[in-house]
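Structure file data02.cif with mmCIF, C-alpha atoms:
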```cif
data_upload
loop_
_atom_site.label_atom_id
_atom_site.label_comp_id
_atom_site.auth_asym_id
_atom_site.auth_seq_id
_atom_site.Cartn_x
_atom_site.Cartn_y
_atom_site.Cartn_z
CA MET Z 1 -74.41 250.03 135.77
CA SER Z 2 -72.29 249.66 132.64
CA ALA Z 3 -75.15 251.18 130.66
CA LEU Z 4 -74.95 254.32 132.83
CA ALA Z 5 -71.17 254.39 132.43
CA SER Z 6 -71.53 254.27 128.65
CA LEU Z 7 -74.15 257.03 128.86
CA LEU Z 8 -71.65 259.17 130.80
CA ARG Z 9 -68.97 258.53 128.18
CA ARG Z 10 -71.37 259.38 125.37
CA GLU Z 11 -72.51 262.61 127.04
CA MET Z 12 -68.89 263.66 127.53
CA ALA Z 13 -68.03 262.81 123.94
CA LEU Z 14 -71.02 264.81 122.69
CA ALA Z 15 -70.11 267.79 124.85
CA TRP Z 16 -66.51 267.82 123.63
CA GLY Z 17 -67.38 266.70 120.11
CA ARG Z 18 -67.85 269.00 117.16
CA GLY Z 19 -68.93 272.40 118.41
CA GLY Z 20 -66.68 272.34 121.50
CA GLY Z 21 -69.36 273.62 123.90
CA PRO Z 22 -67.10 273.74 126.99
CA LEU Z 23 -64.54 275.88 125.13
CA PHE Z 24 -67.24 278.37 124.21
CA ALA Z 25 -68.40 278.46 127.83
CA CYS Z 26 -64.81 279.19 128.94
CA ALA Z 27 -64.42 281.86 126.28
CA PHE Z 28 -67.70 283.43 127.37
CA TYR Z 29 -66.56 283.34 130.99
CA ALA Z 30 -63.25 285.02 130.14
CA GLY Z 31 -65.04 287.61 127.99
CA LEU Z 32 -67.50 288.44 130.74
CA ALA Z 33 -64.68 288.79 133.27
CA THR Z 34 -62.82 291.12 130.92
CA LEU Z 35 -65.89 293.27 130.52
CA LEU Z 36 -66.27 293.87 134.26
CA PRO Z 37 -63.24 296.12 134.86
CA LEU Z 38 -64.05 298.02 131.67
CA ALA Z 39 -67.60 298.60 132.86
CA SER Z 40 -66.76 299.51 136.46
CA SER Z 41 -63.51 301.12 137.47
CA PRO Z 42 -59.98 300.21 136.48
CA GLU Z 43 -58.59 301.27 139.88
CA PRO Z 44 -56.82 298.18 141.28
CA GLN Z 45 -58.12 298.57 144.86
CA ARG Z 46 -61.77 298.86 143.92
CA LEU Z 47 -61.44 296.04 141.42
CA ALA Z 48 -59.67 293.79 143.90
CA SER Z 49 -62.45 294.27 146.45
CA MET Z 50 -65.02 292.85 144.02
CA ALA Z 51 -62.75 290.34 142.23
CA THR Z 52 -63.94 287.09 143.77
CA GLY Z 53 -67.58 288.11 143.81
CA ALA Z 54 -67.39 289.11 140.17
CA ALA Z 55 -65.62 285.87 139.26
CA PHE Z 56 -68.40 283.93 140.96
CA ALA Z 57 -71.26 285.84 139.37
CA ALA Z 58 -69.68 285.43 135.94
CA LEU Z 59 -69.25 281.72 136.66
CA ALA Z 60 -72.99 281.38 137.32
CA LEU Z 61 -73.81 283.07 134.01
CA ALA Z 62 -71.29 281.02 132.03
CA SER Z 63 -72.73 277.83 133.56
CA LEU Z 64 -76.13 278.71 132.08
CA LEU Z 65 -74.88 278.68 128.50
CA SER Z 66 -74.99 275.02 127.55
CA LEU Z 67 -77.83 274.03 129.85
CA GLU Z 68 -80.40 274.65 127.15
CA ARG Z 69 -79.19 271.68 125.15
CA LEU Z 70 -78.97 269.31 128.11
CA PHE Z 71 -82.28 267.58 127.34
CA GLU Z 72 -83.48 269.53 124.30
CA ARG Z 73 -81.26 267.80 121.75
CA ASP Z 74 -82.18 264.31 122.95
CA PHE Z 75 -85.82 265.35 123.07
CA GLU Z 76 -85.82 266.58 119.47
CA ASP Z 77 -84.07 263.59 117.90
CA GLY Z 78 -85.94 260.90 119.82
CA ALA Z 79 -82.99 259.76 121.94
CA LEU Z 80 -84.92 260.65 125.10
CA ASP Z 81 -87.61 258.07 124.17
CA LEU Z 82 -84.97 255.37 123.96
CA LEU Z 83 -83.21 256.51 127.12
CA ALA Z 84 -86.58 256.33 128.91
CA LEU Z 85 -87.01 252.72 127.74
CA GLY Z 86 -83.68 251.57 129.14
CA ALA Z 87 -83.34 249.45 132.24
CA ALA Z 88 -82.08 252.42 134.26
CA PRO Z 89 -84.72 254.73 135.76
CA LEU Z 90 -85.12 258.18 134.22
CA GLU Z 91 -83.94 259.76 137.49
CA MET Z 92 -80.54 258.09 137.02
CA VAL Z 93 -80.41 259.13 133.36
CA ALA Z 94 -81.01 262.74 134.40
CA ALA Z 95 -78.40 262.54 137.17
CA VAL Z 96 -75.80 261.10 134.79
CA LYS Z 97 -76.48 263.82 132.24
CA CYS Z 98 -75.96 266.51 134.90
CA LEU Z 99 -72.82 264.79 136.12
CA ALA Z 100 -71.47 264.78 132.56
CA GLN Z 101 -72.40 268.44 132.22
CA TRP Z 102 -70.40 269.18 135.35
CA LEU Z 103 -67.37 267.15 134.26
CA ALA Z 104 -67.37 268.51 130.71
CA THR Z 105 -68.25 272.17 131.34
CA GLY Z 106 -68.26 272.82 135.08
CA ALA Z 107 -64.75 271.51 135.70
CA PRO Z 108 -63.03 273.59 132.97
CA LEU Z 109 -64.91 276.67 134.18
CA ALA Z 110 -63.77 275.94 137.75
CA ALA Z 111 -60.19 275.65 136.52
CA LEU Z 112 -60.53 279.06 134.92
CA ALA Z 113 -62.15 280.69 137.97
CA PRO Z 114 -58.98 281.23 140.08
CA LEU Z 115 -57.18 282.67 137.05
CA ILE Z 116 -59.96 285.14 136.53
CA ALA Z 117 -60.21 286.04 140.21
CA VAL Z 118 -56.45 286.68 140.38
CA ALA Z 119 -56.49 288.59 137.10
CA LEU Z 120 -59.18 290.86 138.56
CA GLY Z 121 -56.91 291.55 141.50
CA ALA Z 122 -57.71 288.91 144.12
CA ASP Z 123 -54.92 287.75 146.41
CA PRO Z 124 -53.22 284.71 144.77
CA ARG Z 125 -53.32 282.78 148.06
CA LEU Z 126 -57.12 282.70 147.67
CA ALA Z 127 -56.79 280.78 144.38
CA PRO Z 128 -57.04 277.23 145.82
CA LEU Z 129 -60.24 278.05 147.70
CA VAL Z 130 -61.66 279.81 144.63
CA PHE Z 131 -61.04 276.63 142.62
CA VAL Z 132 -62.59 274.31 145.21
CA SER Z 133 -65.67 276.43 145.75
CA ALA Z 134 -66.11 277.02 142.00
CA LEU Z 135 -65.91 273.26 141.47
CA ALA Z 136 -68.53 272.63 144.17
CA ALA Z 137 -70.76 275.45 142.96
CA GLY Z 138 -70.51 274.08 139.42
CA LEU Z 139 -71.92 270.77 140.63
CA GLY Z 140 -74.88 272.59 142.13
CA PHE Z 141 -75.31 274.71 138.97
CA SER Z 142 -75.41 271.56 136.82
CA PHE Z 143 -78.10 269.77 138.82
CA VAL Z 144 -80.27 272.79 139.56
CA GLY Z 145 -79.82 273.98 135.98
CA GLY Z 146 -80.77 270.51 134.76
CA ALA Z 147 -84.05 270.79 136.64
CA GLY Z 148 -84.71 274.09 134.87
CA ALA Z 149 -83.81 272.56 131.52
CA ALA Z 150 -86.17 269.63 132.08
CA LEU Z 151 -89.03 271.91 133.11
CA ALA Z 152 -88.51 274.14 130.07
CA LEU Z 153 -88.38 271.14 127.73
CA GLY Z 154 -90.47 271.62 124.62
CA ALA Z 155 -91.27 275.23 125.46
CA ARG Z 156 -90.64 277.91 122.87
CA ARG Z 157 -87.72 280.17 123.86
CA GLY Z 158 -86.68 277.44 126.26
CA GLY Z 159 -83.25 278.97 126.79
CA VAL Z 160 -84.58 282.24 128.17
CA LEU Z 161 -87.11 280.35 130.26
CA ILE Z 162 -84.35 278.22 131.79
CA ALA Z 163 -82.39 281.33 132.75
CA VAL Z 164 -85.46 282.88 134.37
CA ILE Z 165 -86.27 279.71 136.32
CA VAL Z 166 -82.75 278.91 137.34
CA LEU Z 167 -80.95 282.19 138.09
CA PRO Z 168 -82.79 282.81 141.40
CA LEU Z 169 -81.84 279.27 142.43
CA PHE Z 170 -78.19 280.05 141.66
CA VAL Z 171 -78.16 282.69 144.40
CA PRO Z 172 -77.28 280.44 147.38
CA PRO Z 173 -74.13 278.88 145.87
CA VAL Z 174 -72.94 282.31 144.75
CA VAL Z 175 -73.52 283.73 148.23
CA PHE Z 176 -71.92 280.78 150.04
CA GLY Z 177 -68.99 280.41 147.64
CA ALA Z 178 -68.09 284.06 147.38
CA GLY Z 179 -68.76 284.42 151.11
CA ALA Z 180 -66.29 281.68 152.01
CA ILE Z 181 -63.61 283.32 149.87
CA ASP Z 182 -64.32 286.75 151.36
CA ALA Z 183 -64.03 285.25 154.84
CA LEU Z 184 -60.63 283.79 154.02
CA ALA Z 185 -59.51 287.09 152.49
CA SER Z 186 -60.42 288.98 155.67
CA GLY Z 187 -58.86 286.37 157.94
CA LEU Z 188 -62.13 284.85 159.17
CA ASP Z 189 -63.20 281.21 159.23
CA TRP Z 190 -63.98 280.18 155.67
CA LYS Z 191 -65.19 276.66 156.42
CA PRO Z 192 -68.86 277.41 157.22
CA GLY Z 193 -69.40 278.97 153.80
CA LEU Z 194 -67.85 276.00 152.02
CA VAL Z 195 -69.84 273.53 154.12
CA LEU Z 196 -73.09 275.35 153.29
CA LEU Z 197 -72.10 275.28 149.63
CA LEU Z 198 -71.51 271.52 149.80
CA ALA Z 199 -74.84 271.06 151.59
CA TYR Z 200 -76.55 272.95 148.79
CA CYS Z 201 -74.89 270.63 146.24
CA LEU Z 202 -75.92 267.51 148.14
CA ALA Z 203 -79.51 268.71 148.34
CA ALA Z 204 -79.46 269.49 144.61
CA ILE Z 205 -78.06 266.04 143.77
CA GLY Z 206 -80.60 264.34 146.02
CA LEU Z 207 -83.71 266.23 144.96
CA THR Z 208 -83.43 267.54 141.41
CA PRO Z 209 -83.25 264.13 139.62
CA PHE Z 210 -86.87 263.53 140.63
CA ALA Z 211 -87.90 266.93 139.28
CA MET Z 212 -85.93 266.31 136.08
CA ALA Z 213 -87.49 262.87 135.52
CA ALA Z 214 -90.96 264.32 136.10
CA GLY Z 215 -90.28 267.16 133.68
CA VAL Z 216 -88.98 264.79 131.02
CA ARG Z 217 -91.94 262.40 131.41
CA ASN Z 218 -94.30 265.32 131.11
CA ALA Z 219 -92.61 266.52 127.92
CA LEU Z 220 -92.55 263.05 126.35
CA GLY Z 221 -96.21 262.31 127.08
CA MET L 245 -89.96 238.42 129.85
CA ILE L 246 -93.22 239.53 128.23
CA SER L 247 -95.25 236.72 126.71
CA ARG L 248 -98.57 238.48 126.29
CA LEU L 249 -99.73 242.04 125.87
CA TRP L 250 -103.20 243.47 126.36
CA VAL L 251 -104.43 246.87 125.34
CA ASP L 252 -107.73 247.42 127.17
CA SER L 253 -110.23 249.97 125.82
CA LEU L 254 -107.52 252.56 125.41
CA ALA L 255 -108.31 256.20 124.65
CA VAL L 256 -105.63 258.70 123.71
CA GLU L 257 -105.90 262.47 123.56
CA ARG L 258 -103.42 264.82 122.00
CA GLY L 259 -104.02 268.42 122.88
CA GLU L 260 -107.69 269.15 122.35
CA ARG L 261 -108.37 266.15 120.12
CA ARG L 262 -109.30 262.63 121.07
CA LEU L 263 -107.47 260.39 118.58
CA PHE L 264 -109.27 257.16 119.37
CA THR L 265 -111.37 255.61 122.11
CA ASP L 266 -112.08 252.10 123.26
CA PHE L 267 -109.24 250.49 121.32
CA SER L 268 -108.48 246.95 122.45
CA LEU L 269 -105.86 244.51 121.30
CA GLU L 270 -104.20 241.32 122.46
CA ILE L 271 -100.85 239.99 121.28
CA ALA L 272 -99.39 236.69 122.40
CA SER L 273 -95.87 235.37 122.16
CA GLY L 274 -95.03 234.52 118.54
CA GLU L 275 -97.65 236.84 117.06
CA ALA L 276 -97.30 239.91 114.90
CA VAL L 277 -99.97 242.58 114.62
CA ALA L 278 -100.06 245.09 111.80
CA LEU L 279 -101.58 248.34 113.01
CA THR L 280 -103.27 250.17 110.15
CA GLY L 281 -105.14 253.41 109.83
CA PRO L 282 -105.01 256.69 107.94
CA ASN L 283 -102.34 259.32 108.67
CA GLY L 284 -102.98 261.00 111.97
CA ALA L 285 -105.23 258.25 113.27
CA GLY L 286 -103.01 257.74 116.29
CA LYS L 287 -100.85 254.74 115.40
CA THR L 288 -97.69 256.34 116.76
CA SER L 289 -99.54 257.56 119.86
CA LEU L 290 -100.82 254.04 120.51
CA MET L 291 -97.27 252.68 120.36
CA ARG L 292 -96.03 255.39 122.70
CA ALA L 293 -98.86 254.55 125.09
CA VAL L 294 -97.85 250.87 125.01
CA ALA L 295 -94.25 251.92 125.66
CA GLY L 296 -95.41 253.99 128.63
CA LEU L 297 -94.15 257.26 127.15
CA LEU L 298 -97.65 258.68 126.82
CA ARG L 299 -100.38 258.60 129.44
CA PRO L 300 -103.65 257.34 127.97
CA ALA L 301 -106.84 259.28 128.73
CA ALA L 302 -108.61 256.02 129.57
CA GLY L 303 -107.95 252.31 129.52
CA GLU L 304 -104.73 250.49 130.32
CA VAL L 305 -101.92 248.40 128.91
CA ARG L 306 -101.16 245.12 130.69
CA PHE L 307 -98.34 242.63 130.34
CA GLU L 308 -98.09 238.99 131.26
CA GLY L 309 -95.04 236.79 131.54
CA PRO L 310 -94.80 233.00 131.62
CA ASP L 311 -95.37 233.11 135.38
CA GLY L 312 -98.36 235.42 135.46
CA PRO L 313 -99.06 239.15 135.28
CA LEU L 314 -96.11 241.54 135.21
CA ASP L 315 -95.88 244.97 136.74
CA ALA L 316 -96.07 247.36 133.77
CA GLU L 317 -92.99 249.28 134.83
CA ASP L 318 -90.89 246.13 135.26
CA ALA L 319 -92.14 244.73 131.97
CA ARG L 320 -91.21 247.91 130.10
CA ALA L 321 -87.74 248.26 131.59
CA GLY L 322 -85.69 246.05 129.36
CA GLY L 323 -88.71 244.34 127.82
CA MET L 324 -89.35 246.30 124.67
CA HIS L 325 -87.76 248.03 121.72
CA LEU L 326 -89.29 251.11 120.15
CA LEU L 327 -88.34 251.97 116.60
CA GLY L 328 -89.89 255.25 115.50
CA HIS L 329 -89.51 258.07 112.98
CA LEU L 330 -87.01 259.69 115.32
CA ASP L 331 -84.11 257.32 115.74
CA GLY L 332 -82.15 259.16 118.43
CA LEU L 333 -78.92 258.85 116.44
CA LYS L 334 -76.49 261.75 116.84
CA THR L 335 -75.35 262.98 113.46
CA SER L 336 -71.89 264.00 114.68
CA ARG L 337 -70.99 260.50 115.88
CA THR L 338 -70.00 257.52 113.78
CA ALA L 339 -72.43 254.72 113.06
CA GLY L 340 -70.24 252.31 115.01
CA GLU L 341 -70.18 254.51 118.13
CA GLU L 342 -73.90 255.02 118.04
CA LEU L 343 -74.68 251.34 117.54
CA ALA L 344 -72.30 250.37 120.35
CA PHE L 345 -73.94 252.86 122.71
CA TRP L 346 -77.56 252.00 121.98
CA ALA L 347 -76.83 248.29 122.08
CA ALA L 348 -75.12 248.70 125.47
CA TRP L 349 -78.00 250.87 126.69
CA ALA L 350 -80.48 248.16 125.70
CA GLY L 351 -78.38 245.58 127.55
CA ALA L 352 -76.84 243.72 124.62
CA PRO L 353 -74.63 240.69 125.33
CA PRO L 354 -70.93 241.07 124.35
CA ASP L 355 -71.37 239.35 120.98
CA GLY L 356 -74.61 241.21 120.23
CA VAL L 357 -73.19 244.10 118.22
CA GLY L 358 -71.04 241.84 116.05
CA ARG L 359 -74.00 239.64 115.23
CA ALA L 360 -76.19 242.64 114.41
CA VAL L 361 -73.54 244.19 112.16
CA GLY L 362 -73.31 240.94 110.22
CA ARG L 363 -77.05 240.48 109.85
CA LEU L 364 -77.77 244.04 108.73
CA GLU L 365 -74.68 244.33 106.48
CA LEU L 366 -73.32 247.37 108.30
CA GLU L 367 -69.55 246.62 108.18
CA SER L 368 -68.78 249.26 105.59
CA LEU L 369 -70.83 251.94 107.37
CA LEU L 370 -69.42 251.71 110.89
CA ASP L 371 -66.72 254.36 110.39
CA LEU L 372 -69.02 256.87 108.71
CA ASP L 373 -70.62 259.78 110.55
CA VAL L 374 -74.33 259.24 110.97
CA ARG L 375 -74.92 262.47 109.00
CA ARG L 376 -73.49 260.77 105.90
CA LEU L 377 -75.90 257.84 106.02
CA SER L 378 -78.97 257.62 103.81
CA ALA L 379 -82.43 257.21 105.35
CA GLY L 380 -82.36 253.49 104.60
CA GLN L 381 -78.89 253.06 106.10
CA ARG L 382 -79.95 254.89 109.25
CA ARG L 383 -82.97 252.64 109.54
CA ARG L 384 -80.75 249.57 109.28
CA LEU L 385 -78.51 251.03 111.98
CA SER L 386 -81.58 251.42 114.22
CA LEU L 387 -82.75 247.91 113.45
CA ALA L 388 -79.32 246.59 114.41
CA ARG L 389 -80.07 247.63 118.00
CA LEU L 390 -83.05 245.24 118.01
CA VAL L 391 -80.89 242.37 116.81
CA ALA L 392 -77.99 243.17 119.15
CA ALA L 393 -80.05 243.29 122.33
CA PRO L 394 -82.83 240.69 122.34
CA ARG L 395 -86.02 241.99 123.95
CA PRO L 396 -89.40 240.29 123.62
CA LEU L 397 -91.67 243.11 122.42
CA TRP L 398 -90.89 245.07 119.27
CA LEU L 399 -92.86 248.26 118.69
CA LEU L 400 -92.13 249.27 115.13
CA ASP L 401 -93.41 252.49 113.56
CA GLU L 402 -93.31 252.07 109.77
CA PRO L 403 -90.18 249.94 109.96
CA LEU L 404 -89.94 249.29 106.24
CA ALA L 405 -90.62 252.75 104.81
CA PRO L 406 -87.09 253.79 103.76
CA LEU L 407 -85.76 250.31 102.92
CA ASP L 408 -85.12 248.81 99.49
CA ALA L 409 -86.72 245.54 98.38
CA ALA L 410 -83.80 243.31 99.37
CA ARG L 411 -83.58 244.88 102.83
CA ARG L 412 -87.34 244.57 103.31
CA ALA L 413 -86.97 240.85 102.74
CA LEU L 414 -84.09 240.82 105.23
CA VAL L 415 -86.20 242.59 107.85
CA GLY L 416 -88.91 240.02 107.13
CA GLU L 417 -86.43 237.28 107.99
CA LEU L 418 -85.41 239.05 111.21
CA MET L 419 -89.06 239.43 112.20
CA ALA L 420 -89.79 235.77 111.45
CA GLU L 421 -86.84 234.72 113.63
CA HIS L 422 -87.97 237.04 116.41
CA LEU L 423 -91.46 235.54 116.34
CA ALA L 424 -90.12 231.98 116.17
CA GLY L 425 -88.10 232.78 119.30
CA GLY L 426 -91.25 233.75 121.18
CA GLY L 427 -91.17 237.48 120.45
CA LEU L 428 -94.12 239.82 119.95
CA ILE L 429 -94.38 242.47 117.23
CA LEU L 430 -96.69 245.45 117.02
CA ALA L 431 -95.98 247.37 113.82
CA ALA L 432 -97.69 250.44 112.41
CA VAL L 433 -97.69 250.01 108.64
CA HIS L 434 -99.29 251.16 105.42
CA ASP L 435 -97.96 248.22 103.37
CA PRO L 436 -98.42 244.59 104.40
CA LEU L 437 -95.78 243.21 106.79
CA PRO L 438 -93.37 240.64 105.31
CA VAL L 439 -94.48 238.11 107.95
CA PRO L 440 -97.92 236.62 108.61
CA ALA L 441 -99.69 239.18 110.78
CA ARG L 442 -103.10 239.93 112.18
CA GLU L 443 -104.46 243.32 111.23
CA ALA L 444 -105.79 245.82 113.75
CA ALA L 445 -107.27 249.01 112.38
CA ILE L 446 -107.57 252.37 114.09
CA ALA L 447 -110.59 254.15 112.67
CA GLY L 448 -109.00 257.57 112.60
CA ALA L 449 -112.00 259.66 113.47
CA ALA L 450 -110.34 262.24 115.64
CA THR L 451 -112.95 264.18 117.58
CA PRO L 452 -112.70 267.23 119.80
CA VAL L 453 -112.47 266.15 123.42
CA GLU L 454 -115.68 267.96 124.40
CA ALA L 455 -117.74 266.02 121.85
CA VAL L 456 -117.17 262.73 123.65
CA PRO L 457 -119.57 262.17 126.50
#
```
Is it possible to give me this structure as structure tokens?
Amino acid sequence: MSALASLLRREMALAWGRGGGPLFACAFYAGLATLLPLASSPEPQRLASMATGAAFAALALASLLSLERLFERDFEDGALDLLALGAAPLEMVAAVKCLAQWLATGAPLAALAPLIAVALGADPRLAPLVFVSALAAGLGFSFVGGAGAALALGARRGGVLIAVIVLPLFVPPVVFGAGAIDALASGLDWKPGLVLLLAYCLAAIGLTPFAMAAGVRNALG
Amino acid sequence: MISRLWVDSLAVERGERRLFTDFSLEIASGEAVALTGPNGAGKTSLMRAVAGLLRPAAGEVRFEGPDGPLDAEDARAGGMHLLGHLDGLKTSRTAGEELAFWAAWAGAPPDGVGRAVGRLELESLLDLDVRRLSAGQRRRLSLARLVAAPRPLWLLDEPLAPLDAARRALVGELMAEHLAGGGLILAAVHDPLPVPAREAAIAGAATPVEAVP
């Protein structure tokens, strides 16, 4: 167990180490959100009606950014061989890497999400729910994205391949998350959307580690 | 605890080529085997097959402990060290951080890292970024993992290549101690190992897969 804890610490340190990946992801997210009103209409009413949806779609795209390196770097420098020879099963290694991805990149993005939604014109009282559902969606993005990253391991243009594999799978959390917020905004019950979002995350956490381990084994052999 | 290793008529394919077929080998506790063969013969692939990272096209690898046969998966988890060309060290981290992590990952006891640092003369390097280390220093940092976390089977891919003469002698001492403690060593080499070792040669006649009946 302590080996997995030190793996989590190392993954976090690498994410926040030189290069500052999470900061770039946040900057990208903010940039994307700034582009939206410029590209559509600057009228406050029209913008406000799409604010939370736009914040969620941009969140999905920003979550894709650092996924490419999730396994690729360890694959290239041989660290994945050594991780595979540890006492912990490869499924746990993959799960810990996704968890670290979520803590290092997903959490800062989730913290930014309510700011962006409000800046685009969403009602400030929606901000707490935007944060919670962005945090939950980020967990799903990390695990499902990790499965895409493992499958694309060793492929040329892996980054584009990951996006193509993973973006369709990002649809449910976007629909559930943005749906829950829309429901709250229009005075409806927001809980079902959030519960579906959490169910999606649980399924991703339960299932994708097996896919990731299989993808990694395939790439190593 | 692995005390014996068998490689039974192993065949390994990479892409469209069959690297070798019908390769057999037995290593017992306290023995070292020097794996020789021309470049590209499949020495690294053989080691990866023993480590379970590569699926062989035919044949199998078996392990035995003091109390009888071991399940291959159990034997591999925590039973072997692999030291290859790619050392898995992150260039942006310090040597000390990397050694501490890999030792912990391999299940080193609390005093393991300190002992390894002493044996491999790494004190002055611990605060340096891995990117500043020379090839020989990086190799010593990798070897420190083997000393820090004792595991019975060492799979070494050209372990001596970047080391100077004094450090080669030091690695010879470490290997001799490992063998005296009941360890097993399988090392791919071009030069003789610094410990008494049996030689096993891979022919290195890679053939297209179709040509083999």
Counting only C-alpha atoms, chain Z residues within 8 Å of chain L, as a PyMOL selection string:
chain Z and resi 2-4+6-7+10+17-18+74+77-88+217+220-221
When the PyMOL selection byres ((chain Z and resi 163) around 12) is applied to the structure above, which residues does it catch, written out as a PyMOL selection string?
chain Z and resi 60-68+141+144-149+151-152+157-162+164-170
I would like the residues chosen by the PyMOL selection byres ((chain Z and resi 209) around 6) on the shown file; could you give them as an NGL selection string?
:Z and (91 or 94-95 or 207-208 or 210-212)
Could you name the residues that touch Z:Pro22 at 9 Å or less, counting only C-alpha atoms, but leaving out those on the same chain fewer than 4 positions away, as a list in words?
Ala15, Trp16, Cys26, Ala27, Ser66, Ala104, Thr105, Gly106, Pro108 and Leu109 of chain Z
Dump C-alpha atoms for the selected residues as an mmCIF file, keeping the file's coordinate frame?
```
data_model
loop_
_atom_site.group_PDB
_atom_site.id
_atom_site.type_symbol
_atom_site.label_atom_id
_atom_site.label_comp_id
_atom_site.auth_asym_id
_atom_site.auth_seq_id
_atom_site.Cartn_x
_atom_site.Cartn_y
_atom_site.Cartn_z
ATOM 1 C CA ALA Z 15 -70.110 267.790 124.850
ATOM 2 C CA TRP Z 16 -66.510 267.820 123.630
ATOM 3 C CA CYS Z 26 -64.810 279.190 128.940
ATOM 4 C CA ALA Z 27 -64.420 281.860 126.280
ATOM 5 C CA SER Z 66 -74.990 275.020 127.550
ATOM 6 C CA ALA Z 104 -67.370 268.510 130.710
ATOM 7 C CA THR Z 105 -68.250 272.170 131.340
ATOM 8 C CA GLY Z 106 -68.260 272.820 135.080
ATOM 9 C CA PRO Z 108 -63.030 273.590 132.970
ATOM 10 C CA LEU Z 109 -64.910 276.670 134.180
#
```
Evaluate the PyMOL selection byres ((chain L and resi 431) around 12) here and jot the selected residues down as an NGL selection string.
:L and (271 or 275-281 or 287-288 or 290-292 or 294 or 325-328 or 397-405 or 419 or 428-430 or 432-439 or 441-445)
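Taking only C-alpha atoms, the non-local environment of Z:Leu103 within 10 Å (same-chain residues fewer than 6 positions away omitted) comprises Leu8, Glu11, Met12, Ala15, Pro22, Lys97, Leu109, Leu135, Gly138, Leu139 and Ser142 of chain Z.
Comparing Z:Arg156, Z:Arg46, Z:Arg125, Z:Arg9 by their smallest distance to Z:Leu99, the closest is Z:Arg9 (using all atoms listed in the file).
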Report, in Å with one decimal, the straight-line distance from atom CA of Z:Gly31 to atom CA of Z:Gly121.
16.3 Å
Determine the axis-aligned bounding box of all atoms of stretch 407-422 of chain L present in the file, pad each side by 3 Å, and express its centre and edge lengths in Å to one decimal place as JSON.
```
{"center_x": -86.7, "center_y": 242.5, "center_z": 107.4, "size_x": 12.2, "size_y": 21.6, "size_z": 24.0}
```
If we count only C-alpha atoms and set the cut-off at 9 Å, which residues sit around Z:Gly179, ignoring sequence neighbours fewer than 2 positions away in its own chain? Please answer as a PyMOL selection string.
chain Z and resi 53+174-177+181-184+190+193-194
Compile the contact shell of L:Ile246 as number ranges by chain: residues with an atom at most 8 Å away, counting all atoms listed in the file, same-chain residues fewer than 5 positions apart removed.
L: 273, 307-310, 314, 319, 323, 396-397
File dump, residues just selected, C-alpha atoms, as a compact mmCIF listing (two decimals), keeping the file's coordinate frame:
```
# COMPACT_ATOMS: atom_id res chain seq x y z
CA SER L 273 -95.87 235.37 122.16
CA PHE L 307 -98.34 242.63 130.34
CA GLU L 308 -98.09 238.99 131.26
CA GLY L 309 -95.04 236.79 131.54
CA PRO L 310 -94.80 233.00 131.62
CA LEU L 314 -96.11 241.54 135.21
CA ALA L 319 -92.14 244.73 131.97
CA GLY L 323 -88.71 244.34 127.82
CA PRO L 396 -89.40 240.29 123.62
CA LEU L 397 -91.67 243.11 122.42
```
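With all atoms listed in the file as the atoms that count, the minimum distance from Z:Asp123 to the choices Z:Ala137, Z:Leu196, Z:Gln45, Z:Arg69 is reached by Z:Gln45.
Across the structure, atom CA of L:Ala410 and atom CA of L:Asn283 are spaced 26.2 Å apart.
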